[in-house]
Amino acid sequence: MPTDRPTSIKRPLTNAEVDDTAEILESEVVYQGYFRMDRYRLRHRKHDGGWTGTMTREVFERGHVVAVILYDPPRDRLVLLNQFRIAALAGGKPGWQTEIVAGIIEEGEAPEEVAYRETEEESGCRLKTLIPLYHYLVSPGGTSETMWLYCGIVDSEGAGGIHGLDAENEDIKVETLPFSEAMTRIGDGRIDNAPAIIGIQWLALNRERLQREAHNG
């Protein structure tokens with residue numbers, strides 16, 4: 001996994017910053033609030049070597065994000081969060097989402113730093129080990145956002161309660177549950193967001209190895 005520090009661009013891309021697969025004809029910031037929206041006029045190379053016609057596209061600039069699936073191998077339990085998301089509600093899903101630890105990478109931070117900080121702030125747990133899993137584009141059709149996904153090994157004994165920062169209006173309920181229950185919740189749709197699904201399915205392939213390592217370790 002790359003270890004460079006990701007930085008969200010503070011302005012739209014210019015033609016000087018792209019390779020010869022695309023040509024940016026014009027770019028502008030069309031909205032700046034909690035997030036940002038940029039608009040581009042561009043064309044790009046086709047598979048036959050020619051160029052497309054000019055098109056207009058908007059790009060949602062949210063920043064880059066870290067997420068951590070918290071797992072206790074000896075107990076075979078996960079530490080999950082329940083918090084409110086207005087975007088989930090707007091998308092026709094429950095506003096209260098069962099999620100994994102996550103946070104936006106601030107300027108100058110390494111993803112690993114965010115993983116340790118957000119784990120303590122949102123769950124009250126301390127990471128014993130941080131395992132890098134994937135660095136992927138969240139939705140390349142509309143946003144530059146990337147996700148740095150990790151598995152964090154923790155001791156789940158005593159985990160629970162309400163966490164988060166009052167200054168950010170966070171009201172995060174922490175719960176622990178057996179791995180089998182987490183898989184059941186994916187199957188029946190109670191866990192329906194990508195970071196949690198990807199993280200739990202990674203555990204389905206790797207949890208026995210993590211349990212052996214914890215036992216031998």
# chains A, B, ... in the order shown; residues from 1 in each chain; ligands from 1
$ residues_around --residues "Trp148 (chain A)" --least-positions-apart "2" --cutoff "8 Å" --atoms "only C-alpha atoms" --output "PyMOL selection string"
chain A and resi 64-67+111+132-136+146+150
$ residues_around --residues "region 91-102 of chain A" --least-positions-apart "4" --cutoff "8 Å" --atoms "only C-alpha atoms" --output "list in words"
Val65, Val66, Ala67, Val68, Ile69, Leu70, Val79, Leu80, Leu81, Asn82, Gln83, Phe84, Arg85, Ile86, Ala87, Ala115, Glu118, Thr119, Glu122, Ser123, Arg190, Ile191, Asp192, Asn193, Pro195 and Ala196 of chain A
$ write_last_selection --atoms "C-alpha atoms" --output "PDB file, in the first residue's frame"
ATOM      1  CA  VAL A  65     -10.770   9.251   4.243  1.00  0.00           C
ATOM      2  CA  VAL A  66      -9.479   6.528   6.565  1.00  0.00           C
ATOM      3  CA  ALA A  67     -11.647   3.692   7.871  1.00  0.00           C
ATOM      4  CA  VAL A  68     -10.769   0.934  10.359  1.00  0.00           C
ATOM      5  CA  ILE A  69     -12.562  -2.355  10.975  1.00  0.00           C
ATOM      6  CA  LEU A  70     -11.924  -3.107  14.681  1.00  0.00           C
ATOM      7  CA  VAL A  79     -16.395  -3.231  17.583  1.00  0.00           C
ATOM      8  CA  LEU A  80     -18.926  -1.311  15.478  1.00  0.00           C
ATOM      9  CA  LEU A  81     -20.455   2.162  15.615  1.00  0.00           C
ATOM     10  CA  ASN A  82     -23.978   3.481  15.222  1.00  0.00           C
ATOM     11  CA  GLN A  83     -24.329   7.094  14.133  1.00  0.00           C
ATOM     12  CA  PHE A  84     -26.647   9.334  12.142  1.00  0.00           C
ATOM     13  CA  ARG A  85     -25.980  10.173   8.468  1.00  0.00           C
ATOM     14  CA  ILE A  86     -28.181  12.658   6.604  1.00  0.00           C
ATOM     15  CA  ALA A  87     -26.831  11.429   3.239  1.00  0.00           C
ATOM     16  CA  ALA A 115      -6.559   5.625  12.072  1.00  0.00           C
ATOM     17  CA  GLU A 118     -10.244   8.271  15.122  1.00  0.00           C
ATOM     18  CA  THR A 119     -10.233   4.839  16.768  1.00  0.00           C
ATOM     19  CA  GLU A 122     -15.020   7.259  18.075  1.00  0.00           C
ATOM     20  CA  SER A 123     -14.763   3.914  19.878  1.00  0.00           C
ATOM     21  CA  ARG A 190     -28.837  -4.041   8.400  1.00  0.00           C
ATOM     22  CA  ILE A 191     -25.209  -3.264   7.521  1.00  0.00           C
ATOM     23  CA  ASP A 192     -25.404  -1.597   4.118  1.00  0.00           C
ATOM     24  CA  ASN A 193     -22.459   0.801   3.718  1.00  0.00           C
ATOM     25  CA  PRO A 195     -16.514   0.370   4.199  1.00  0.00           C
ATOM     26  CA  ALA A 196     -18.203  -1.896   6.750  1.00  0.00           C
TER      27      ALA A 196
END
$ select_by_dssp --residues "chain A" --states "strand (DSSP E or B)" --output "VMD selection string"
chain A and resid 22 to 32 36 to 45 51 55 to 61 65 to 72 77 to 84 96 to 99 101 to 104 129 to 137 143 146 to 153 161 to 163 172 to 178
$ residues_around --residues "Arg11 (chain A)" --least-positions-apart "5" --cutoff "10 Å" --atoms "only C-alpha atoms" --output "list of chain:residue names"
A:Ser27, A:Glu28, A:Val29, A:Arg36, A:Met37, A:Asp38, A:Glu61
$ select_by_dssp --residues "region 6-217 of chain A" --states "helix (DSSP H, G or I)" --output "PyMOL selection string"
chain A and resi 15-17+86-90+111-123+166-168+179-187+194-216
$ closest_residue --among "A:Gly103, A:Gly53, A:Gly187, A:Gly164" --to "Glu23 (chain A)" --atoms "only C-alpha atoms"
A:Gly53
$ residues_around --residues "Glu157 (chain A)" --least-positions-apart "3" --cutoff "12 Å" --atoms "only C-alpha atoms" --output "list in words"
Tyr71, Asp72, Pro73, Pro74, Arg75, Asp76, Arg77, Leu78, Val79, Gly124, Cys125, Arg126, Val154, Gly160, Glu175, Thr176 and Leu177 of chain A
$ closest_residue --among "A:Ala88, A:Glu168, A:Gly161, A:Thr129" --to "Ala194 (chain A)" --atoms "only C-alpha atoms"
A:Ala88
$ decode --residues "region 59-185 of chain A" --atoms "C-alpha atoms" --output "PDB file, in the first residue's frame"
ATOM      1  CA  VAL A  59     -16.515  16.634  -9.376  1.00  0.00           C
ATOM      2  CA  PHE A  60     -17.400  16.430  -5.680  1.00  0.00           C
ATOM      3  CA  GLU A  61     -14.317  17.317  -3.604  1.00  0.00           C
ATOM      4  CA  ARG A  62     -14.785  15.782  -0.173  1.00  0.00           C
ATOM      5  CA  GLY A  63     -11.191  14.977   0.744  1.00  0.00           C
ATOM      6  CA  HIS A  64      -9.623  11.598   1.501  1.00  0.00           C
ATOM      7  CA  VAL A  65     -10.770   9.251   4.243  1.00  0.00           C
ATOM      8  CA  VAL A  66      -9.479   6.528   6.565  1.00  0.00           C
ATOM      9  CA  ALA A  67     -11.647   3.692   7.871  1.00  0.00           C
ATOM     10  CA  VAL A  68     -10.769   0.934  10.359  1.00  0.00           C
ATOM     11  CA  ILE A  69     -12.562  -2.355  10.975  1.00  0.00           C
ATOM     12  CA  LEU A  70     -11.924  -3.107  14.681  1.00  0.00           C
ATOM     13  CA  TYR A  71     -11.493  -6.790  15.515  1.00  0.00           C
ATOM     14  CA  ASP A  72     -10.693  -8.770  18.658  1.00  0.00           C
ATOM     15  CA  PRO A  73      -9.302 -12.145  17.461  1.00  0.00           C
ATOM     16  CA  PRO A  74      -9.355 -14.102  20.774  1.00  0.00           C
ATOM     17  CA  ARG A  75     -13.025 -13.223  21.329  1.00  0.00           C
ATOM     18  CA  ASP A  76     -13.919 -13.259  17.602  1.00  0.00           C
ATOM     19  CA  ARG A  77     -15.802  -9.993  18.113  1.00  0.00           C
ATOM     20  CA  LEU A  78     -16.045  -6.738  16.199  1.00  0.00           C
ATOM     21  CA  VAL A  79     -16.395  -3.231  17.583  1.00  0.00           C
ATOM     22  CA  LEU A  80     -18.926  -1.311  15.478  1.00  0.00           C
ATOM     23  CA  LEU A  81     -20.455   2.162  15.615  1.00  0.00           C
ATOM     24  CA  ASN A  82     -23.978   3.481  15.222  1.00  0.00           C
ATOM     25  CA  GLN A  83     -24.329   7.094  14.133  1.00  0.00           C
ATOM     26  CA  PHE A  84     -26.647   9.334  12.142  1.00  0.00           C
ATOM     27  CA  ARG A  85     -25.980  10.173   8.468  1.00  0.00           C
ATOM     28  CA  ILE A  86     -28.181  12.658   6.604  1.00  0.00           C
ATOM     29  CA  ALA A  87     -26.831  11.429   3.239  1.00  0.00           C
ATOM     30  CA  ALA A  88     -27.999   7.882   4.027  1.00  0.00           C
ATOM     31  CA  LEU A  89     -31.470   9.221   4.800  1.00  0.00           C
ATOM     32  CA  ALA A  90     -31.498  11.197   1.557  1.00  0.00           C
ATOM     33  CA  GLY A  91     -30.477   8.032  -0.296  1.00  0.00           C
ATOM     34  CA  GLY A  92     -33.499   6.119   0.947  1.00  0.00           C
ATOM     35  CA  LYS A  93     -31.604   4.212   3.645  1.00  0.00           C
ATOM     36  CA  PRO A  94     -31.884   4.418   7.451  1.00  0.00           C
ATOM     37  CA  GLY A  95     -30.289   7.580   8.847  1.00  0.00           C
ATOM     38  CA  TRP A  96     -28.787   5.591  11.713  1.00  0.00           C
ATOM     39  CA  GLN A  97     -26.003   3.537  10.170  1.00  0.00           C
ATOM     40  CA  THR A  98     -23.972   0.668  11.613  1.00  0.00           C
ATOM     41  CA  GLU A  99     -20.454   1.609  10.593  1.00  0.00           C
ATOM     42  CA  ILE A 100     -16.768   1.154  11.253  1.00  0.00           C
ATOM     43  CA  VAL A 101     -14.399   3.842  12.560  1.00  0.00           C
ATOM     44  CA  ALA A 102     -13.710   6.533   9.934  1.00  0.00           C
ATOM     45  CA  GLY A 103     -12.369  10.062   9.606  1.00  0.00           C
ATOM     46  CA  ILE A 104     -11.200  12.617   7.065  1.00  0.00           C
ATOM     47  CA  ILE A 105      -7.456  13.052   6.547  1.00  0.00           C
ATOM     48  CA  GLU A 106      -6.465  16.605   7.430  1.00  0.00           C
ATOM     49  CA  GLU A 107      -3.701  18.553   5.700  1.00  0.00           C
ATOM     50  CA  GLY A 108      -0.284  17.081   6.495  1.00  0.00           C
ATOM     51  CA  GLU A 109      -1.600  13.930   8.220  1.00  0.00           C
ATOM     52  CA  ALA A 110      -0.601  10.392   7.323  1.00  0.00           C
ATOM     53  CA  PRO A 111      -3.460   7.888   7.024  1.00  0.00           C
ATOM     54  CA  GLU A 112      -2.037   5.837   9.894  1.00  0.00           C
ATOM     55  CA  GLU A 113      -2.191   8.848  12.215  1.00  0.00           C
ATOM     56  CA  VAL A 114      -5.862   9.313  11.413  1.00  0.00           C
ATOM     57  CA  ALA A 115      -6.559   5.625  12.072  1.00  0.00           C
ATOM     58  CA  TYR A 116      -5.116   5.805  15.596  1.00  0.00           C
ATOM     59  CA  ARG A 117      -6.791   9.135  16.415  1.00  0.00           C
ATOM     60  CA  GLU A 118     -10.244   8.271  15.122  1.00  0.00           C
ATOM     61  CA  THR A 119     -10.233   4.839  16.768  1.00  0.00           C
ATOM     62  CA  GLU A 120      -9.796   6.413  20.201  1.00  0.00           C
ATOM     63  CA  GLU A 121     -12.204   9.318  19.562  1.00  0.00           C
ATOM     64  CA  GLU A 122     -15.020   7.259  18.075  1.00  0.00           C
ATOM     65  CA  SER A 123     -14.763   3.914  19.878  1.00  0.00           C
ATOM     66  CA  GLY A 124     -12.724   4.492  23.041  1.00  0.00           C
ATOM     67  CA  CYS A 125     -10.478   1.562  22.012  1.00  0.00           C
ATOM     68  CA  ARG A 126      -6.724   1.600  21.518  1.00  0.00           C
ATOM     69  CA  LEU A 127      -5.161  -0.091  18.527  1.00  0.00           C
ATOM     70  CA  LYS A 128      -2.726  -2.916  19.217  1.00  0.00           C
ATOM     71  CA  THR A 129      -1.934  -3.523  15.558  1.00  0.00           C
ATOM     72  CA  LEU A 130      -2.917  -1.696  12.366  1.00  0.00           C
ATOM     73  CA  ILE A 131      -3.108  -3.781   9.187  1.00  0.00           C
ATOM     74  CA  PRO A 132      -3.386  -1.994   5.826  1.00  0.00           C
ATOM     75  CA  LEU A 133      -6.034  -3.516   3.550  1.00  0.00           C
ATOM     76  CA  TYR A 134      -6.968  -1.369   0.548  1.00  0.00           C
ATOM     77  CA  HIS A 135      -6.631   2.137  -0.887  1.00  0.00           C
ATOM     78  CA  TYR A 136      -9.540   2.588  -3.277  1.00  0.00           C
ATOM     79  CA  LEU A 137     -11.649   5.182  -5.098  1.00  0.00           C
ATOM     80  CA  VAL A 138     -15.007   5.552  -3.397  1.00  0.00           C
ATOM     81  CA  SER A 139     -17.012   6.583  -6.463  1.00  0.00           C
ATOM     82  CA  PRO A 140     -14.809   7.611  -9.413  1.00  0.00           C
ATOM     83  CA  GLY A 141     -17.768   8.631 -11.530  1.00  0.00           C
ATOM     84  CA  GLY A 142     -18.359  11.721  -9.424  1.00  0.00           C
ATOM     85  CA  THR A 143     -15.823  12.279  -6.643  1.00  0.00           C
ATOM     86  CA  SER A 144     -12.042  12.326  -6.161  1.00  0.00           C
ATOM     87  CA  GLU A 145     -12.431  10.810  -2.677  1.00  0.00           C
ATOM     88  CA  THR A 146     -10.267   7.807  -1.821  1.00  0.00           C
ATOM     89  CA  MET A 147     -10.585   5.455   1.139  1.00  0.00           C
ATOM     90  CA  TRP A 148      -7.636   4.043   3.088  1.00  0.00           C
ATOM     91  CA  LEU A 149      -9.079   0.935   4.735  1.00  0.00           C
ATOM     92  CA  TYR A 150      -7.389  -0.856   7.647  1.00  0.00           C
ATOM     93  CA  CYS A 151      -8.055  -3.666  10.075  1.00  0.00           C
ATOM     94  CA  GLY A 152      -7.303  -2.653  13.645  1.00  0.00           C
ATOM     95  CA  ILE A 153      -6.632  -5.300  16.297  1.00  0.00           C
ATOM     96  CA  VAL A 154      -8.145  -4.293  19.652  1.00  0.00           C
ATOM     97  CA  ASP A 155      -9.230  -5.661  23.014  1.00  0.00           C
ATOM     98  CA  SER A 156     -13.024  -5.425  22.953  1.00  0.00           C
ATOM     99  CA  GLU A 157     -13.519  -6.090  26.682  1.00  0.00           C
ATOM    100  CA  GLY A 158     -15.368  -3.142  28.165  1.00  0.00           C
ATOM    101  CA  ALA A 159     -15.978  -1.484  24.792  1.00  0.00           C
ATOM    102  CA  GLY A 160     -19.296   0.319  24.507  1.00  0.00           C
ATOM    103  CA  GLY A 161     -21.050   3.518  25.482  1.00  0.00           C
ATOM    104  CA  ILE A 162     -21.413   6.850  23.703  1.00  0.00           C
ATOM    105  CA  HIS A 163     -18.383   8.460  22.056  1.00  0.00           C
ATOM    106  CA  GLY A 164     -17.417  11.217  19.621  1.00  0.00           C
ATOM    107  CA  LEU A 165     -16.601  14.912  19.846  1.00  0.00           C
ATOM    108  CA  ASP A 166     -19.253  17.355  21.070  1.00  0.00           C
ATOM    109  CA  ALA A 167     -17.644  20.082  18.968  1.00  0.00           C
ATOM    110  CA  GLU A 168     -18.466  18.031  15.855  1.00  0.00           C
ATOM    111  CA  ASN A 169     -21.978  17.111  17.074  1.00  0.00           C
ATOM    112  CA  GLU A 170     -21.007  13.446  17.141  1.00  0.00           C
ATOM    113  CA  ASP A 171     -23.259  11.034  19.022  1.00  0.00           C
ATOM    114  CA  ILE A 172     -21.722   7.621  18.392  1.00  0.00           C
ATOM    115  CA  LYS A 173     -22.976   4.486  20.111  1.00  0.00           C
ATOM    116  CA  VAL A 174     -20.399   1.692  20.306  1.00  0.00           C
ATOM    117  CA  GLU A 175     -21.362  -1.978  20.321  1.00  0.00           C
ATOM    118  CA  THR A 176     -19.467  -5.245  20.158  1.00  0.00           C
ATOM    119  CA  LEU A 177     -20.860  -8.296  18.447  1.00  0.00           C
ATOM    120  CA  PRO A 178     -19.694 -11.735  17.306  1.00  0.00           C
ATOM    121  CA  PHE A 179     -18.316 -12.023  13.790  1.00  0.00           C
ATOM    122  CA  SER A 180     -21.202 -14.361  12.878  1.00  0.00           C
ATOM    123  CA  GLU A 181     -23.743 -11.675  13.835  1.00  0.00           C
ATOM    124  CA  ALA A 182     -21.949  -9.099  11.687  1.00  0.00           C
ATOM    125  CA  MET A 183     -22.203 -11.442   8.694  1.00  0.00           C
ATOM    126  CA  THR A 184     -25.894 -11.957   9.416  1.00  0.00           C
ATOM    127  CA  ARG A 185     -26.450  -8.190   9.418  1.00  0.00           C
TER     128      ARG A 185
END
